Amino acid sequence: MNVDDVIAEKIAAARARAEAAKRRRATLNAARQRGLGFRHAAKLRNLATPRDGAADPDDDIVIEVTAEEWHAGARAALARLGLTYAELEGQARRRDFTSAQAQVLWVSIGGTVNTDLLEFQDNPTEENTDGS
């Protein structure tokens with residue numbers, strides 16, 4: 001047996017191990033996906049089932065806010081974090097948030113805010129600075 005044959009055997013064995021590992025990962029991933037599917041289906045069934053056999057009266061509540069209320073809430077949340085909308089948007093673009101709260105805020109308000117309304121309402125008395 002020469003050196004080339006030994007090397008060829010080792011390469012073939014390494015390929016076989018890699019292929020077996022790939023099949024094992026695929027099998028485990030398929031089982032995981034089935035398990036996740038069952039878990040999500042069970043969760044949806046549990047959410048759809050009324051607690052204590054009675055319908056939850058709070059399920060049908062829809063809270064509507066005006067644009068002004070939405071922007072006031074966004075301004076307040078930005079102020080709590082000490083950020084401007086542009087800074088938060090920049091963090092989202094870089095996917096590098098300064099805090100978990102900043103990321104949660106972006107998920108909540110990102111792309112829904114009219115920056116002109118935010119800036120105008122930051123100082124609503126801007127046009128009335130002469131004291132009248």
# chains A, B, ... in the order shown; residues from 1 in each chain; ligands from 1

$ residues_around --residues "region 73-82 of chain A" --least-positions-apart "6" --cutoff "8 Å" --atoms "only C-alpha atoms" --output "ChimeraX atom specification"
/A:101-102,105,109,113,118,122

$ write_last_selection --atoms "C-alpha atoms" --output "CSV table (one decimal), in the first residue's frame"
chain,number,residue,atom,x,y,z
A,101,GLN,CA,-35.3,49.7,25.5
A,102,ALA,CA,-34.1,51.6,22.4
A,105,LEU,CA,-39.0,51.4,21.0
A,109,ILE,CA,-42.6,53.1,16.4
A,113,VAL,CA,-43.7,58.5,12.9
A,118,LEU,CA,-42.5,65.2,16.0
A,122,ASP,CA,-41.5,69.4,20.3

$ atom_distance --atom1 "CA of Ser108 (chain A)" --atom2 "CA of Lys43 (chain A)"
23.5 Å

$ closest_residue --among "A:Gly90, A:Ile7, A:Phe38, A:Thr115" --to "Gln103 (chain A)" --atoms "only C-alpha atoms"
A:Gly90

$ atom_distance --atom1 "CA of Lys10 (chain A)" --atom2 "CA of Ala26 (chain A)"
24.3 Å
